[in-house]
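Structure file model02.pdb with PDB, C-alpha atoms and all ligand atoms:
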ATOM      1  CA  MET A 182     -40.325 147.842 105.959
ATOM      2  CA  SER A 183     -37.361 145.830 107.140
ATOM      3  CA  LYS A 184     -34.383 145.651 104.894
ATOM      4  CA  PRO A 185     -32.106 142.650 104.929
ATOM      5  CA  HIS A 186     -29.177 142.775 107.270
ATOM      6  CA  LYS A 187     -26.028 144.190 105.822
ATOM      7  CA  PRO A 188     -22.905 142.530 107.166
ATOM      8  CA  ILE A 189     -21.796 145.875 108.570
ATOM      9  CA  ASP A 190     -20.534 144.320 111.755
ATOM     10  CA  ALA A 191     -17.645 142.686 109.990
ATOM     11  CA  ALA A 192     -16.476 146.119 108.842
ATOM     12  CA  ASP A 193     -17.314 147.870 112.097
ATOM     13  CA  THR A 194     -15.363 145.484 114.233
ATOM     14  CA  GLY A 195     -12.388 145.345 111.945
ATOM     15  CA  ALA A 196     -12.939 141.761 110.833
ATOM     16  CA  ARG A 197     -11.446 140.478 107.627
ATOM     17  CA  ASP A 198     -11.261 143.528 105.321
ATOM     18  CA  SER A 199      -9.746 146.098 107.618
ATOM     19  CA  ARG A 200      -7.331 143.474 108.925
ATOM     20  CA  ALA A 201      -6.273 142.590 105.442
ATOM     21  CA  GLN A 202      -5.600 146.260 104.802
ATOM     22  CA  PRO A 203      -4.294 147.706 108.069
ATOM     23  CA  LEU A 204      -4.557 151.472 108.271
ATOM     24  CA  ARG A 205      -1.297 153.098 107.360
ATOM     25  CA  GLU A 206      -1.542 156.325 109.308
ATOM     26  CA  ARG A 207      -2.008 156.620 113.001
ATOM     27  CA  ILE A 208      -5.561 157.636 113.687
ATOM     28  CA  ALA A 209      -6.648 159.527 116.733
ATOM     29  CA  LEU A 210      -9.104 157.796 119.005
ATOM     30  CA  ALA A 211     -11.519 160.639 118.322
ATOM     31  CA  ASP A 212     -11.816 159.423 114.745
ATOM     32  CA  HIS A 213     -13.039 156.080 116.006
ATOM     33  CA  LYS A 214     -15.425 157.466 118.552
ATOM     34  CA  PRO A 215     -18.657 157.048 116.600
ATOM     35  CA  GLN A 216     -17.591 153.544 115.601
ATOM     36  CA  LEU A 217     -16.667 152.667 119.165
ATOM     37  CA  GLU A 218     -19.903 154.053 120.477
ATOM     38  CA  ARG A 219     -21.927 152.061 117.956
ATOM     39  CA  VAL A 220     -20.097 148.878 118.754
ATOM     40  CA  GLN A 221     -20.229 149.563 122.458
ATOM     41  CA  ARG A 222     -23.972 150.133 122.318
ATOM     42  CA  ARG A 223     -24.475 146.951 120.374
ATOM     43  CA  LEU A 224     -22.085 144.747 122.304
ATOM     44  CA  PHE A 225     -22.769 145.811 125.818
ATOM     45  CA  LEU A 226     -26.531 145.883 125.397
ATOM     46  CA  ARG A 227     -27.827 146.534 128.875
ATOM     47  CA  SER A 228     -24.583 146.649 130.806
ATOM     48  CA  SER A 229     -22.966 150.042 131.163
ATOM     49  CA  LEU A 230     -19.323 150.564 130.469
ATOM     50  CA  SER A 231     -18.052 153.949 129.380
ATOM     51  CA  LEU A 232     -15.683 154.554 126.511
ATOM     52  CA  GLY A 233     -13.038 155.673 129.009
ATOM     53  CA  ALA A 234     -13.385 152.530 131.089
ATOM     54  CA  LEU A 235     -13.148 150.561 127.897
ATOM     55  CA  ALA A 236      -9.854 152.219 126.954
ATOM     56  CA  MET A 237      -8.476 151.502 130.430
ATOM     57  CA  LEU A 238      -9.654 147.903 130.431
ATOM     58  CA  SER A 239      -8.108 147.310 127.062
ATOM     59  CA  GLY A 240      -4.705 148.296 128.431
ATOM     60  CA  CYS A 241      -3.862 149.585 125.009
ATOM     61  CA  ASN A 242      -3.296 153.091 123.734
ATOM     62  CA  MET A 243      -6.010 152.813 121.071
ATOM     63  CA  GLN A 244      -4.189 155.357 118.964
ATOM     64  CA  ASP A 245      -3.825 153.445 115.751
ATOM     65  CA  GLY A 246      -6.377 151.660 113.635
ATOM     66  CA  ASP A 247      -4.826 148.269 114.131
ATOM     67  CA  SER A 248      -5.021 148.311 117.917
ATOM     68  CA  VAL A 249      -8.560 149.668 117.803
ATOM     69  CA  ASP A 250      -9.462 146.638 115.704
ATOM     70  CA  LYS A 251      -7.838 144.348 118.227
ATOM     71  CA  VAL A 252      -9.647 145.987 121.099
ATOM     72  CA  LEU A 253     -12.985 145.702 119.354
ATOM     73  CA  TRP A 254     -12.480 141.987 118.783
ATOM     74  CA  ALA A 255     -11.264 141.468 122.332
ATOM     75  CA  MET A 256     -14.361 143.338 123.522
ATOM     76  CA  SER A 257     -16.622 141.118 121.514
ATOM     77  CA  ARG A 258     -15.080 137.975 122.986
ATOM     78  CA  TRP A 259     -15.074 139.509 126.442
ATOM     79  CA  ASN A 260     -18.686 140.500 126.005
ATOM     80  CA  ASP A 261     -19.636 136.888 125.255
ATOM     81  CA  ARG A 262     -17.928 135.800 128.456
ATOM     82  CA  VAL A 263     -19.350 138.542 130.639
ATOM     83  CA  GLN A 264     -22.838 137.930 129.379
ATOM     84  CA  GLY A 265     -22.296 134.239 130.054
ATOM     85  CA  TRP A 266     -21.357 135.027 133.647
ATOM     86  CA  LEU A 267     -24.194 137.465 134.120
ATOM     87  CA  PHE A 268     -26.737 135.214 132.489
ATOM     88  CA  ASN A 269     -29.267 134.010 135.011
ATOM     89  CA  PRO A 270     -31.180 130.986 133.713
ATOM     90  CA  ASN A 271     -34.158 131.995 135.849
ATOM     91  CA  ARG A 272     -34.397 135.581 134.636
ATOM     92  CA  LEU A 273     -37.490 136.084 132.544
ATOM     93  CA  ALA A 274     -37.968 138.318 129.534
ATOM     94  CA  PRO A 275     -40.893 140.733 129.973
ATOM     95  CA  THR A 276     -44.316 139.571 128.806
ATOM     96  CA  TYR A 277     -47.097 141.789 127.472
ATOM     97  CA  ALA A 278     -50.874 142.049 127.237
ATOM     98  CA  ALA A 279     -52.742 140.905 124.126
ATOM     99  CA  SER A 280     -53.675 144.558 123.475
ATOM    100  CA  GLN A 281     -49.974 145.385 123.031
ATOM    101  CA  ILE A 282     -49.387 142.953 120.150
ATOM    102  CA  THR A 283     -47.848 144.686 117.110
ATOM    103  CA  LYS A 284     -50.075 144.598 114.033
ATOM    104  CA  PRO A 285     -49.006 144.009 111.383
ATOM    105  CA  PHE A 286     -46.014 142.111 112.709
ATOM    106  CA  PRO A 287     -42.835 142.825 110.689
ATOM    107  CA  PHE A 288     -41.299 140.199 108.430
ATOM    108  CA  ASN A 289     -37.541 139.814 108.244
ATOM    109  CA  ALA A 290     -35.137 137.362 106.624
ATOM    110  CA  PHE A 291     -31.905 137.516 104.643
ATOM    111  CA  TYR A 292     -34.058 137.553 101.476
ATOM    112  CA  PRO A 293     -37.241 139.362 100.415
ATOM    113  CA  GLU A 294     -40.672 138.111 101.403
ATOM    114  CA  TYR A 295     -41.468 136.643  97.976
ATOM    115  CA  ASN A 296     -38.656 134.122  98.523
ATOM    116  CA  VAL A 297     -40.096 132.709 101.755
ATOM    117  CA  PRO A 298     -39.891 128.891 101.556
ATOM    118  CA  ASP A 299     -43.117 127.107 100.704
ATOM    119  CA  ILE A 300     -43.144 124.079 103.002
ATOM    120  CA  ASP A 301     -45.664 121.228 102.916
ATOM    121  CA  GLY A 302     -46.571 120.445 106.524
ATOM    122  CA  SER A 303     -48.134 117.074 105.678
ATOM    123  CA  ASP A 304     -44.801 115.385 105.013
ATOM    124  CA  TYR A 305     -42.705 117.577 107.285
ATOM    125  CA  ALA A 306     -40.228 115.670 109.447
ATOM    126  CA  LEU A 307     -37.992 117.466 111.918
ATOM    127  CA  GLU A 308     -34.574 115.790 112.086
ATOM    128  CA  VAL A 309     -32.815 115.356 115.415
ATOM    129  CA  SER A 310     -29.147 114.436 115.749
ATOM    130  CA  GLY A 311     -25.993 114.715 117.834
ATOM    131  CA  LEU A 312     -25.822 114.104 121.566
ATOM    132  CA  VAL A 313     -29.384 112.815 122.011
ATOM    133  CA  ALA A 314     -30.750 109.388 123.001
ATOM    134  CA  ASP A 315     -33.660 109.355 120.524
ATOM    135  CA  LYS A 316     -32.884 110.459 116.964
ATOM    136  CA  SER A 317     -36.279 109.740 115.459
ATOM    137  CA  ASP A 318     -37.974 112.339 113.264
ATOM    138  CA  TRP A 319     -40.846 114.477 114.462
ATOM    139  CA  SER A 320     -43.995 115.082 112.423
ATOM    140  CA  LEU A 321     -46.123 118.142 113.184
ATOM    141  CA  ALA A 322     -48.808 115.907 114.742
ATOM    142  CA  LYS A 323     -46.247 114.381 117.087
ATOM    143  CA  LEU A 324     -45.011 117.850 118.088
ATOM    144  CA  ARG A 325     -48.587 119.025 118.689
ATOM    145  CA  ALA A 326     -49.181 116.042 120.985
ATOM    146  CA  LEU A 327     -46.565 117.426 123.410
ATOM    147  CA  PRO A 328     -47.646 119.949 126.080
ATOM    148  CA  GLN A 329     -48.108 123.445 124.599
ATOM    149  CA  THR A 330     -47.831 126.872 126.154
ATOM    150  CA  SER A 331     -48.153 130.409 124.824
ATOM    151  CA  GLN A 332     -46.397 133.678 125.543
ATOM    152  CA  ILE A 333     -46.546 137.310 124.441
ATOM    153  CA  THR A 334     -43.029 138.713 124.206
ATOM    154  CA  ARG A 335     -40.984 141.302 122.365
ATOM    155  CA  HIS A 336     -38.861 140.299 119.396
ATOM    156  CA  ILE A 337     -35.844 142.623 119.039
ATOM    157  CA  CYS A 338     -33.973 142.802 115.743
ATOM    158  CA  ILE A 339     -30.401 144.082 115.674
ATOM    159  CA  GLU A 340     -31.384 146.323 112.746
ATOM    160  CA  GLY A 341     -33.148 148.567 115.208
ATOM    161  CA  TRP A 342     -36.779 147.511 115.313
ATOM    162  CA  SER A 343     -38.791 145.487 117.767
ATOM    163  CA  ALA A 344     -42.305 144.084 117.805
ATOM    164  CA  ILE A 345     -44.551 142.270 120.254
ATOM    165  CA  GLY A 346     -46.114 138.981 119.195
ATOM    166  CA  GLU A 347     -47.825 135.923 120.602
ATOM    167  CA  TRP A 348     -46.290 132.515 120.028
ATOM    168  CA  ARG A 349     -47.434 129.061 121.142
ATOM    169  CA  GLY A 350     -45.667 125.744 121.152
ATOM    170  CA  VAL A 351     -43.678 123.252 123.177
ATOM    171  CA  PRO A 352     -41.328 124.530 125.886
ATOM    172  CA  PHE A 353     -37.955 123.690 124.388
ATOM    173  CA  HIS A 354     -36.686 122.135 127.644
ATOM    174  CA  THR A 355     -39.626 119.706 127.462
ATOM    175  CA  PHE A 356     -38.627 118.772 123.924
ATOM    176  CA  LEU A 357     -34.936 118.394 124.828
ATOM    177  CA  LYS A 358     -35.845 116.084 127.705
ATOM    178  CA  ARG A 359     -38.175 114.072 125.446
ATOM    179  CA  ILE A 360     -35.382 113.373 122.964
ATOM    180  CA  GLY A 361     -32.952 112.523 125.761
ATOM    181  CA  ALA A 362     -30.618 115.408 124.959
ATOM    182  CA  ASP A 363     -27.327 115.517 126.833
ATOM    183  CA  THR A 364     -28.059 118.779 128.631
ATOM    184  CA  SER A 365     -24.464 118.975 129.813
ATOM    185  CA  ALA A 366     -23.446 119.544 126.169
ATOM    186  CA  ARG A 367     -22.519 123.112 125.257
ATOM    187  CA  TYR A 368     -24.669 123.952 122.241
ATOM    188  CA  VAL A 369     -27.906 123.318 120.419
ATOM    189  CA  GLY A 370     -27.700 123.991 116.685
ATOM    190  CA  PHE A 371     -30.474 124.641 114.153
ATOM    191  CA  LYS A 372     -30.554 124.105 110.391
ATOM    192  CA  CYS A 373     -33.375 125.751 108.491
ATOM    193  CA  ALA A 374     -35.174 124.978 105.245
ATOM    194  CA  ASP A 375     -33.930 128.274 103.738
ATOM    195  CA  HIS A 376     -30.305 127.355 104.621
ATOM    196  CA  TYR A 377     -30.265 129.772 107.518
ATOM    197  CA  TYR A 378     -28.589 128.369 110.623
ATOM    198  CA  THR A 379     -27.871 129.449 114.170
ATOM    199  CA  SER A 380     -27.046 128.023 117.582
ATOM    200  CA  LEU A 381     -27.644 128.589 121.280
ATOM    201  CA  ASP A 382     -25.792 127.879 124.497
ATOM    202  CA  MET A 383     -27.439 125.071 126.478
ATOM    203  CA  ALA A 384     -28.531 127.392 129.340
ATOM    204  CA  THR A 385     -30.573 129.468 126.876
ATOM    205  CA  ALA A 386     -31.943 126.353 125.192
ATOM    206  CA  LEU A 387     -33.207 125.212 128.611
ATOM    207  CA  HIS A 388     -34.540 128.666 129.581
ATOM    208  CA  PRO A 389     -38.213 128.407 130.650
ATOM    209  CA  GLN A 390     -39.338 130.888 127.937
ATOM    210  CA  THR A 391     -37.480 129.279 125.032
ATOM    211  CA  LEU A 392     -40.310 127.908 122.937
ATOM    212  CA  LEU A 393     -40.414 125.445 120.041
ATOM    213  CA  THR A 394     -43.125 127.374 118.261
ATOM    214  CA  LEU A 395     -45.940 126.017 116.085
ATOM    215  CA  ASP A 396     -48.476 128.846 116.268
ATOM    216  CA  PHE A 397     -48.455 132.608 115.860
ATOM    217  CA  GLY A 398     -51.490 134.138 117.570
ATOM    218  CA  ASN A 399     -54.339 131.679 117.061
ATOM    219  CA  GLU A 400     -53.131 130.113 113.823
ATOM    220  CA  PRO A 401     -50.319 127.870 112.653
ATOM    221  CA  LEU A 402     -47.187 129.935 111.946
ATOM    222  CA  PRO A 403     -47.741 131.793 108.658
ATOM    223  CA  ALA A 404     -45.095 130.997 106.019
ATOM    224  CA  LYS A 405     -43.307 134.317 106.425
ATOM    225  CA  TYR A 406     -43.028 133.925 110.198
ATOM    226  CA  GLY A 407     -41.398 130.511 109.993
ATOM    227  CA  TYR A 408     -43.875 127.748 109.048
ATOM    228  CA  PRO A 409     -43.951 125.045 110.181
ATOM    229  CA  LEU A 410     -41.597 125.432 113.135
ATOM    230  CA  LYS A 411     -39.496 128.199 114.657
ATOM    231  CA  LEU A 412     -37.653 128.670 117.914
ATOM    232  CA  ARG A 413     -38.814 131.664 119.883
ATOM    233  CA  VAL A 414     -36.069 132.893 122.243
ATOM    234  CA  PRO A 415     -37.256 136.071 123.983
ATOM    235  CA  THR A 416     -33.947 136.467 125.856
ATOM    236  CA  LYS A 417     -32.028 136.767 122.571
ATOM    237  CA  LEU A 418     -31.898 139.059 119.550
ATOM    238  CA  GLY A 419     -34.080 138.184 116.556
ATOM    239  CA  PHE A 420     -31.365 136.542 114.498
ATOM    240  CA  LYS A 421     -31.038 133.847 117.204
ATOM    241  CA  ASN A 422     -34.686 132.841 116.608
ATOM    242  CA  PRO A 423     -34.516 130.339 113.703
ATOM    243  CA  LYS A 424     -37.573 130.016 111.437
ATOM    244  CA  HIS A 425     -38.455 127.052 109.146
ATOM    245  CA  ILE A 426     -36.415 124.682 111.328
ATOM    246  CA  ALA A 427     -35.498 121.477 109.466
ATOM    247  CA  ALA A 428     -32.989 119.943 111.877
ATOM    248  CA  ILE A 429     -31.910 120.296 115.501
ATOM    249  CA  PHE A 430     -28.640 118.939 116.879
ATOM    250  CA  VAL A 431     -26.909 118.867 120.247
ATOM    251  CA  THR A 432     -23.138 119.276 120.186
ATOM    252  CA  ASN A 433     -19.983 120.378 121.981
ATOM    253  CA  ASP A 434     -18.509 121.789 118.752
ATOM    254  CA  TYR A 435     -19.283 125.479 118.239
ATOM    255  CA  PRO A 436     -21.837 125.545 115.384
ATOM    256  CA  GLY A 437     -21.833 129.311 114.663
ATOM    257  CA  GLY A 438     -24.621 130.835 112.647
ATOM    258  CA  TYR A 439     -25.501 132.700 109.457
ATOM    259  CA  TRP A 440     -25.030 136.181 110.962
ATOM    260  CA  GLU A 441     -22.715 135.072 113.761
ATOM    261  CA  ASP A 442     -20.205 133.887 111.151
ATOM    262  CA  GLN A 443     -20.279 137.381 109.587
ATOM    263  CA  GLY A 444     -19.298 139.041 112.840
ATOM    264  CA  TYR A 445     -22.489 139.356 114.847
ATOM    265  CA  ASN A 446     -21.924 138.695 118.512
ATOM    266  CA  TRP A 447     -22.746 135.021 119.166
ATOM    267  CA  PHE A 448     -24.270 135.417 122.625
ATOM    268  CA  SER A 449     -26.511 138.350 121.657
ATOM    269  CA  GLY A 450     -28.841 138.308 124.597
ATOM    270  CA  SER A 451     -29.152 138.366 128.346
TER     271      SER A 451
HETATM  272  N1  LIG B 501     -34.765 130.548 108.741
HETATM  273  C1  LIG B 501     -34.544 131.836 109.036
HETATM  274  N2  LIG B 501     -34.723 132.237 110.306
HETATM  275  C2  LIG B 501     -34.509 133.530 110.624
HETATM  276  C3  LIG B 501     -34.067 134.479 109.665
HETATM  277  C4  LIG B 501     -33.887 134.030 108.334
HETATM  278  O1  LIG B 501     -33.503 134.784 107.415
HETATM  279  N3  LIG B 501     -34.135 132.702 108.065
HETATM  280  N4  LIG B 501     -33.854 135.805 110.038
HETATM  281  C5  LIG B 501     -33.713 136.082 111.480
HETATM  282  C6  LIG B 501     -33.870 137.486 111.809
HETATM  283  S1  LIG B 501     -32.532 138.491 111.557
HETATM  284  C7  LIG B 501     -35.014 137.996 112.368
HETATM  285  S2  LIG B 501     -35.126 139.608 112.883
HETATM  286  C8  LIG B 501     -36.201 137.128 112.566
HETATM  287  C9  LIG B 501     -37.438 137.737 111.885
HETATM  288  O2  LIG B 501     -38.568 136.997 112.249
HETATM  289  P1  LIG B 501     -40.028 137.490 111.804
HETATM  290  O3  LIG B 501     -40.110 137.389 110.284
HETATM  291  O4  LIG B 501     -40.962 136.559 112.497
HETATM  292  O5  LIG B 501     -40.164 138.929 112.231
HETATM  293  O6  LIG B 501     -36.000 135.809 112.063
HETATM  294  C10 LIG B 501     -34.712 135.281 112.301
HETATM  295  N5  LIG B 501     -34.726 133.907 111.917
HETATM  296 MO    MO B 502     -32.982 140.406 112.795
END
Can you present the structure in this file as structure tokens?
Amino acid sequence: MSKPHKPIDAADTGARDSRAQPLRERIALADHKPQLERVQRRLFLRSSLSLGALAMLSGCNMQDGDSVDKVLWAMSRWNDRVQGWLFNPNRLAPTYAASQITKPFPFNAFYPEYNVPDIDGSDYALEVSGLVADKSDWSLAKLRALPQTSQITRHICIEGWSAIGEWRGVPFHTFLKRIGADTSARYVGFKCADHYYTSLDMATALHPQTLLTLDFGNEPLPAKYGYPLKLRVPTKLGFKNPKHIAAIFVTNDYPGGYWEDQGYNWFSGS
């Protein structure tokens, strides 16, 4: 049901291609309106800023394609900052009743379901590196020996679908404290067995609902939902929820991400 993401954002926001080939003719703002509205909807998520306010804020006439591109990129960067300011580490994502769980739960990845990695849990070892005191590996048994909690939350994919699921695992702040992470560092990065990667700001990593997930419902994570380990981040869009995690690192160097590096807004959450 879910098709793989298309890197439409790069085109929408004027990254790369449209910069390489700047529009020759002057284009009326009206021509960009649907594009602006799409981007505005996506970038501003729950905040409300009208197209007019946007034009005023940009301090730019927005008459030609080139300046529209610039504004869209400035907006994206601005949006990251504003969301950073607005972000309240104590704000909780809504939780749901067991009766509201979506069945069947959708699968999504940058490849079709038959390519889901087949991982042997018996010799699995999670790697930990970067700004942490203890860099030893973690087996699944060792992870299961940490305190576990479960939550029923809504996963929201940027492609326009959402689904409610139940995940159980170790609160990520508990794990970060256990490994002696430098929680004053800026980012936590994730490398996955399928070569996916993403990263979070430290405030989100420490958020009480950010969960290092081992179980989906009452069973270990099925392969397609991220076996043996995924990070569930209910305050972020789906693509910031890495599945099949192989390595976790703490860093001050911006690690980017698979979709983020193709133009998706890095913060992508509340
Ligand atoms: N390792 C890995 N993690 C990933 C992805 C992926 O392709 N590989 N896709 C992301 C995206 S875009 C979504 S919407 C969710 C889908 O998770 P689900 O299959 O549990 O619905 O996983 C995210 N995490
Ligand atoms: Mo997604």
Legend entry - Residue list as a list in words for point (-43.0, 142.7, 108.8), cut-off 12 Å, only C-alpha atoms: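 The distance filter leaves exactly Met182, Ser183, Lys184, Pro185, Thr283, Lys284, Pro285, Phe286, Pro287, Phe288, Asn289, Ala290, Pro293, Glu294, His336, Cys338, Trp342, Ser343, Ala344, Ile345, Gly346, Pro403, Lys405 and Tyr406 of chain A.
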Legend entry - Selection within 8 Å of ligand MO 502 (chain B) by only C-alpha atoms and all ligand atoms, output as a PyMOL selection string: chain A and resi 186+289-290+337-340+418-420
Inset, instruction - Report the residues retrieved by the PyMOL selection byres (((chain A and resi 347-356) around 7) and not hetatm) from the displayed file, expressed as an MDAnalysis selection string. - result: chainID A and resid 327:334 346 357:360 386:387 389:398
Inset, instruction - Can you work out which one of A:Thr385, A:Asn296, A:Ser320, A:Ser365 has the shortest atom-to-atom distance to ligand LIG 501 (chain B), counting all atoms listed in the file? - result: A:Asn296
Exercise on ligand LIG 501 (chain B), axis-aligned box with 6 Å per side, report centre and edge lengths in Å to one decimal, as JSON:
{"center_x": -36.7, "center_y": 135.1, "center_z": 110.1, "size_x": 20.4, "size_y": 21.1, "size_z": 17.5}
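Among the candidates A:Asp304, A:Asp434, A:Glu400, A:Glu441, the residue lying nearest to ligand LIG 501 (chain B) is A:Glu441 (atoms considered: all atoms listed in the file).
Among the candidates A:Asp382, A:Glu308, A:Asp318, A:Asp363, the one nearest to Ala428 (chain A) when counting all atoms listed in the file is A:Glu308.
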Inset, instruction - Evaluate the PyMOL selection byres (((chain A and resi 432) around 7) and not hetatm) and record the selected residues as a ChimeraX atom specification, following the chain and residue labels used in the document. - result: /A:311-312,366-369,430-431,433-434
Prev. selection, C-alpha atoms, output as a JSON list (two decimals), in the coordinates of the input:
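Writing done, so here's out.json:
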[["chain", "number", "residue", "atom", "x", "y", "z"],
["A", 311, "GLY", "CA", -25.99, 114.72, 117.83],
["A", 312, "LEU", "CA", -25.82, 114.10, 121.57],
["A", 366, "ALA", "CA", -23.45, 119.54, 126.17],
["A", 367, "ARG", "CA", -22.52, 123.11, 125.26],
["A", 368, "TYR", "CA", -24.67, 123.95, 122.24],
["A", 369, "VAL", "CA", -27.91, 123.32, 120.42],
["A", 430, "PHE", "CA", -28.64, 118.94, 116.88],
["A", 431, "VAL", "CA", -26.91, 118.87, 120.25],
["A", 433, "ASN", "CA", -19.98, 120.38, 121.98],
["A", 434, "ASP", "CA", -18.51, 121.79, 118.75]]
Legend entry - Non-local contacts of Lys417 (chain A) (8 Å; only C-alpha atoms; under 3 positions in same chain excluded) as a list in words: Ile337, Val414, Lys421, Asn422, Phe448, Ser449, Gly450 and Ser451 of chain A
Give me a file of those residues, with C-alpha atoms, as a compact mmCIF listing (two decimals), in the frame of the given file.
# COMPACT_ATOMS: atom_id res chain seq x y z
CA ILE A 337 -35.84 142.62 119.04
CA VAL A 414 -36.07 132.89 122.24
CA LYS A 421 -31.04 133.85 117.20
CA ASN A 422 -34.69 132.84 116.61
CA PHE A 448 -24.27 135.42 122.62
CA SER A 449 -26.51 138.35 121.66
CA GLY A 450 -28.84 138.31 124.60
CA SER A 451 -29.15 138.37 128.35
